[in-house]
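**Student:** Sharing a structure below in structure tokens format, with a few things to ask.
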Amino acid sequence: MINENRLHAGPEIPGHAPSDESVDAERGLRAQSPLQREAAQTIFEKGRPGRRAFTPPALDVPERPLDELLPARFRRREPARLPEVAEPDVVRHYVRLSKRNFDLDSGFYPLGSCTMKHNPRLHERVAALPGHARLHPAQRPARAQGALELMWSLERALAEIAGLPHVSLQPSAGSHGELAGVLLTRAYHADRGDQRRKVLTPDTAHGTNPATVTMAGYEVAKVGTDADGNVDLDDLRAKADDDVACLMLTNPNTLGLFDPNIAEIARIVHGAGAILYYDGANLNAVVGISRPGDMGFDIVHFNLHKTFTQPHGGGGPGSGPIAVSERIEPYLMLPRIVRRKPANGDRPTFDLVDADRPKSIGRLRGFQGNYGTFVRSYAYIRSLGAAGLREMSEIAVLNANYLLARLKHAGVAEHLPAAYDRICMHEFVLSGAPAKRDLKVRTLDIAKRLLDFGYHPPTVYFPLLVEEAMLVEPTETESKETLDGFADALADILREAAEDPEIARNAPYTTPVRRLDEAAAAKRPVIRQHL
Amino acid sequence: MSGYTHLTDDERREMLAEIGVERLEDLFADIPEAVRLDRPLDLPEGLSEQEVYLHLRDLAQRNVCAEDEVSFVGAGMYDHYVPALVDAIIGRSEFLTPYTPYQPEISQGGLQAMFEYQTAISELTGLPVSNASVYEGPSAVGAAGYLARQSRPGRRFVVSRGVHPHSRETLRTMSAGWGTSIEEVALRDGATDLDALIRAVDEDTAAVFLQQPNFLGSVEDLEALAKAAKRTGAVVVCACDPLPLAIIEPPGACGVDIAVGEGQTLGNRLDFGGPSFGFFAATQEYLRKMPGRIAGETRDVDGRRGFVLTLQTREQHIRREKATHNICTAQALNALAGVIYLSWLGRRGIVELAELMLQRTAYAREALAHVDGVSLAHEQPVVREFAVTVDAPIERVVERCQEQGINPGLPVGEDYPELGEGALLIAVTEQRTREHVDRLAAALGEAVAAERAGERVEARA
């Protein structure tokens with residue numbers, strides 16, 4: 001059966017041949033669905049010369065010869081070969097493509113560190129109101145008072161959540177917020193005539209942290225993790241010297257653990273004259289419970305597309321506002337939003353200001369930031385309110401600990417134990433090392449088999465210091481039934497692997513395509529359609 | 001309890017029992033007392049959905065948007081028509097709510113869309129390699145600078161003043177730690193001064209930055225500029241506006257190495273500045289040094305055609321401090337809107353759209369040139385945007401026009417003192433008709449006349 005399929009489907013890819021034993025296991029799993037039968041065809045391939053969807057508005061001005069308006073030497077000689085398709089082709093093509101995607105609205109998405117929580121549809125409705133969606137970014141502030149008030153209010157709310165007084169909404173994503181933070185750090189030290197060359201990042205850090213450090217012109221120095229999953233304080237003390245500009249930290253960290261030594265960490269870092277930077281990717285665990293500013297952090301970035309429900313869009317848009325302490329404020333990006341309260345009790349007015357800020361690092365992008373994401377996150381904060389935001393984090397942590405406990409009791413822990421046997425925060429990390437050793441299935445295989453069960457797998461092979469890591473973040477918007485179902489699925493997969501590891505090793509079977517040859521894609525890159 | 005969570009009191013008890021703790025607070029035992037918030041957040045209490053809707057609607061109504069006035073403001077983002085099918089498709093859960101496609105078997109829709117997007121950007125720019133999007137236009141210019149700095153030993157950036165002021169400023173901010181300096185090249189009659197560029201470029205120049213059409217709307221002689229820029233081996237970066245590229249010789253055909261730009265005009269809303277997307281395309285030389293995600297074609301174990309994120313050893317999650325850029329989340333949904341829009345326009349439609357703008361902009365330019373007190377700021381060819389100089393207090397003139405329901409354009413005298421205080425940048429998209437332009441000319445004429453009359457009154461007083 002498998003070989004027959006190969007004959008129909010195309011050439012065999014070396015290195016992926018299932019072993020003979022797996023053939024029986026695969027029989028019955030491999031009935032091809034319509035999506036699997038459909039060969040991928042691009043919108044370019046579907047076009048036919050002469051087809052079109054767009055009708056231009058009528059020309060209502062006297063037509064002048066092109067040569068008069070745009071000299072021939074500047075004019076394009078060969079037209080861009082865009083698709084030639086009718087409107088129904090465009091709609092059907094992209095709707096069919098959409099069906100080849102798994103999405104959060106359809107199923108559980110416990111992707112660690114990504115906070116895949118429900119995206120309320122109200123937010124799409126309010127963001128699409130013309131007063132928001134069709135507002136030009138260069139509109140004069142006097143005529144954009146609603147937008148500026150919204151941004152100012154969101155800044156105030158994020159400042160309160162961070163426990164830090166000043167906010168800039170400008171960065172476009174978490175990594176952009178990190179770059180802002182490290183450039184602010186650089187400006188702060190430079191202003192004091194203090195030349196420092198290094199930034200500390202823990203070995204549990206997101207990859208964006210060290211990449212940001214390099215982009216900002218610093219060198220990375222790594223700090224180790226102790227046996228309990230916390231920052232290794234001795235290592236930190238040894239490395240925090242007067243050449244260190246900053247420590248970038250996530251708390252709870254990427255193991256899902258809150259570092260109880262945070263006050264001591266802050267003391268060590270500040271004692272060395274360095275800045276303490278908070279990577280807000282894991283903020284969903286602590287909103288209304290503990291604030292980065294109160295922990296001693298000087299700079300915080302938020303991921304509005306994680307904690308504050310901006311839909312992730314298959315890889316963005318995001319938004320990465322930052323909050324900072326008083327000593328960092330003079331360097332914040334421009335423009336700033338200011339509120340002016342008239343003495344006569346009239347309604348306050350809002351303005352964008354970029355003059356008289358000589359210490360500012362300047363702009364990090366065009367205009368004011370990803371405003372559409374601000375509308376959504378502001379709507380979310382107003383919907384939940386103070387109590388709702390705290391409850392959001394409480395349930396995120398409850399759900400994570402419950403799922404961890406359920407996995408233990410379902411027998412999963414024998415092969416897929418928690419890497420650190422502690423109460424976790426909003427996420428936890430499992431190690432697939434025993435499964436790999438005893439069952440001969442890797443974390444990757446388990447993840448791929450989860451696809452056949454209708455789940456998006458957790459983050460795999462991160463954090464790097466846990467062997468065969470699987471980072472699980474259920475979020476607060478999942479029900480107990482969903483968590484139970486996921487735990488049962490993992491238990492089933494491990495039981496199945498104990499009987500026949502080939503099933504997981506060749507998974508998935510039910511997806512539009514099966515395992516893809518990533519090595520070949522990188523070796524001979526085909527990154528555009530050849531026309 | 002918010003309607004976005006599920007747990008009943010009974011379920012909470014059951015779950016705590018399963019965990020083996022008594023109270024919810026026990027789960028937070030690792031957080032030391034000293035860093036706990038001992039009070040509720042100082043934020044308003046939660047609201048019902050309809051209350052939030054009304055509040056957000058009230059805020060929206062306090063903005064004057066492109067539906068409330070006839071706007072000629074552009075300057076990097078433009079009021080183009082977004083076809084209905086774009087909203088319908090990008091609003092689908094399957095595109096709106098997934099994360100970055102880390103599991104390709106269940107992300108073929110998004111990955112194939114990236115591949116198609118890359119093809120379309122590659123076609124528009126005339127360059128063989130495109131990534132799957134970066135944040136937006138000005139930071140894309142900064143990203144190109146970072147790539148150039150890593151690829152060339154030089155320590156100078158030479159930047160035309162035709163490059164968007166936000167892009168120049170972003171490049172300056174981002175390059176604070178790169179050990180580079182920035183020199184600007186002046187404009188002559190609205191276009192980059194070729195002689196000045198030749199003088200500015202030397203052996204130590206890592207990159208030269210241009211914009212097509214430039215900030216003042218001028219179509220630059222990109223081929224001559226790129227040739228001059230390359231004499232000493234500098235990387236030539238060009239920020240470009242994708243719709244005019246339908247009828248202008250593309251950067252790739254003019255010797256440009258890296259073409260970047262703002263993608264908002266391709267099927268994305270104004271959204272007060274974002275989210276939109278930035279595009280990033282380059283010659284083959286930079287394939288393995290590009291920032292951001294790239295989708296590539298491959299086969300699955302059964303031989304089916306499929307798509308994956310590829311060349312990931314460039315990226316932060318693999319290469320960490322040696323990554324080519326720190327970007328992770330980019331603007332996938334906005335780039336999807338871009339490729340849907342380009343498919344809708346199609347090969348002939350995009351040319352027709354650009355030619356329509358060319359004709360209407362020419363009409364507007366001529367109409368305004370005949371307005372008393374308004375003169376053209378330059379004579380260069382333009383496609384969608386041009387600059388004039390208004391001989392009257394510009395802020396007052398703009399306010400007077402806005403009182404008539406016309407937003408006449410963006411004053412740019414502060415950024416371009418060389419054009420005088422009255423410099424005004426005017427954009428004419430396909431949404432601006434002849435009638436709109438006639439109203440603009442009348443409103444500007446009246447406003448200038450009124451201001452001059454007012455000045456005479458004040459002078460007499």
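Every chain in the structure tokens takes a letter, A first, then B, and so on in the order presented; its residues are numbered from 1, and the ligands are numbered from 1 following the presented order.
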Tell me, as a count of residues only, which residues lie within 12 Å of B:Ser133, counting only C-alpha atoms; anything in the same chain fewer than 2 positions away does not count.
**Tutor:** 49
**Student:** Write out as number ranges by chain all residues of stretch 234-473 of chain A that DSSP puts in strand (DSSP E or B) for this structure's backbone.
**Tutor:** A: 244-249, 275-279, 290, 299-301, 322-324, 336-340, 349-353, 418, 428-431, 459-460, 469-472
**Student:** So that I can see what lies close to stretch 341-357 of chain B, please list as a PyMOL selection string the residues with an atom at most 7 Å from it, counting only C-alpha atoms and leaving out residues fewer than 6 positions away in the same chain.
**Tutor:** (chain A and resi 52-54+56+59+80-85+87+90) or (chain B and resi 86+243-244+246-247+266-267+383-384+428-430)
**Student:** Using only C-alpha atoms, determine which residues lie at most 10 Å from B:Leu59, disregarding the query and same-chain residues fewer than 2 positions distant; provide the list as a PyMOL selection string.
**Tutor:** (chain A and resi 131-132+144-150+375) or (chain B and resi 53-57+61-63)
**Student:** I need the residues from that last selection saved to file as a PDB file, in the first residue's frame (with N, CA and C atoms), if you can.
**Tutor:**
```pdb
ATOM      1  N   GLY A 131     -12.820  54.669  12.142  1.00  0.00           N
ATOM      2  CA  GLY A 131     -12.090  55.675  12.918  1.00  0.00           C
ATOM      3  C   GLY A 131     -10.744  55.185  13.418  1.00  0.00           C
ATOM      4  N   HIS A 132     -10.599  53.872  13.560  1.00  0.00           N
ATOM      5  CA  HIS A 132      -9.295  53.300  13.894  1.00  0.00           C
ATOM      6  C   HIS A 132      -8.573  52.824  12.622  1.00  0.00           C
ATOM      7  N   ALA A 144      -6.705  63.392  15.911  1.00  0.00           N
ATOM      8  CA  ALA A 144      -6.550  61.965  16.233  1.00  0.00           C
ATOM      9  C   ALA A 144      -6.629  61.786  17.744  1.00  0.00           C
ATOM     10  N   GLN A 145      -7.476  62.561  18.380  1.00  0.00           N
ATOM     11  CA  GLN A 145      -7.528  62.560  19.843  1.00  0.00           C
ATOM     12  C   GLN A 145      -7.980  61.216  20.408  1.00  0.00           C
ATOM     13  N   GLY A 146      -8.893  60.547  19.722  1.00  0.00           N
ATOM     14  CA  GLY A 146      -9.348  59.237  20.206  1.00  0.00           C
ATOM     15  C   GLY A 146      -8.207  58.227  20.216  1.00  0.00           C
ATOM     16  N   ALA A 147      -7.442  58.236  19.137  1.00  0.00           N
ATOM     17  CA  ALA A 147      -6.321  57.284  19.026  1.00  0.00           C
ATOM     18  C   ALA A 147      -5.257  57.579  20.071  1.00  0.00           C
ATOM     19  N   LEU A 148      -4.951  58.853  20.250  1.00  0.00           N
ATOM     20  CA  LEU A 148      -3.894  59.200  21.205  1.00  0.00           C
ATOM     21  C   LEU A 148      -4.352  58.934  22.635  1.00  0.00           C
ATOM     22  N   GLU A 149      -5.646  59.173  22.896  1.00  0.00           N
ATOM     23  CA  GLU A 149      -6.149  58.851  24.240  1.00  0.00           C
ATOM     24  C   GLU A 149      -6.064  57.342  24.486  1.00  0.00           C
ATOM     25  N   LEU A 150      -6.420  56.567  23.462  1.00  0.00           N
ATOM     26  CA  LEU A 150      -6.335  55.110  23.602  1.00  0.00           C
ATOM     27  C   LEU A 150      -4.893  54.689  23.890  1.00  0.00           C
ATOM     28  N   VAL A 375      -5.350  48.700  19.871  1.00  0.00           N
ATOM     29  CA  VAL A 375      -6.810  48.715  20.011  1.00  0.00           C
ATOM     30  C   VAL A 375      -7.267  47.397  20.627  1.00  0.00           C
TER      31      VAL A 375
ATOM     32  N   TYR B  53     -17.331  47.744  23.473  1.00  0.00           N
ATOM     33  CA  TYR B  53     -17.579  48.154  22.085  1.00  0.00           C
ATOM     34  C   TYR B  53     -17.905  49.655  22.020  1.00  0.00           C
ATOM     35  N   LEU B  54     -18.824  50.081  22.878  1.00  0.00           N
ATOM     36  CA  LEU B  54     -19.240  51.484  22.839  1.00  0.00           C
ATOM     37  C   LEU B  54     -18.067  52.415  23.173  1.00  0.00           C
ATOM     38  N   HIS B  55     -17.277  52.034  24.141  1.00  0.00           N
ATOM     39  CA  HIS B  55     -16.116  52.860  24.516  1.00  0.00           C
ATOM     40  C   HIS B  55     -15.137  52.973  23.350  1.00  0.00           C
ATOM     41  N   LEU B  56     -14.849  51.838  22.723  1.00  0.00           N
ATOM     42  CA  LEU B  56     -13.896  51.856  21.602  1.00  0.00           C
ATOM     43  C   LEU B  56     -14.480  52.582  20.396  1.00  0.00           C
ATOM     44  N   ARG B  57     -15.796  52.488  20.242  1.00  0.00           N
ATOM     45  CA  ARG B  57     -16.436  53.217  19.142  1.00  0.00           C
ATOM     46  C   ARG B  57     -16.360  54.719  19.397  1.00  0.00           C
ATOM     47  N   GLN B  61     -14.656  57.519  17.042  1.00  0.00           N
ATOM     48  CA  GLN B  61     -15.393  58.664  16.490  1.00  0.00           C
ATOM     49  C   GLN B  61     -14.700  59.985  16.799  1.00  0.00           C
ATOM     50  N   ARG B  62     -13.747  59.965  17.697  1.00  0.00           N
ATOM     51  CA  ARG B  62     -13.012  61.194  17.995  1.00  0.00           C
ATOM     52  C   ARG B  62     -11.762  61.334  17.132  1.00  0.00           C
ATOM     53  N   ASN B  63     -11.643  60.477  16.124  1.00  0.00           N
ATOM     54  CA  ASN B  63     -10.580  60.614  15.131  1.00  0.00           C
ATOM     55  C   ASN B  63     -11.192  61.064  13.812  1.00  0.00           C
TER      56      ASN B  63
END
```
**Student:** Using backbone DSSP assignments, extract all helix (DSSP H, G or I) residues from stretch 204-451 of chain A; output them as a count of residues only.
**Tutor:** 96
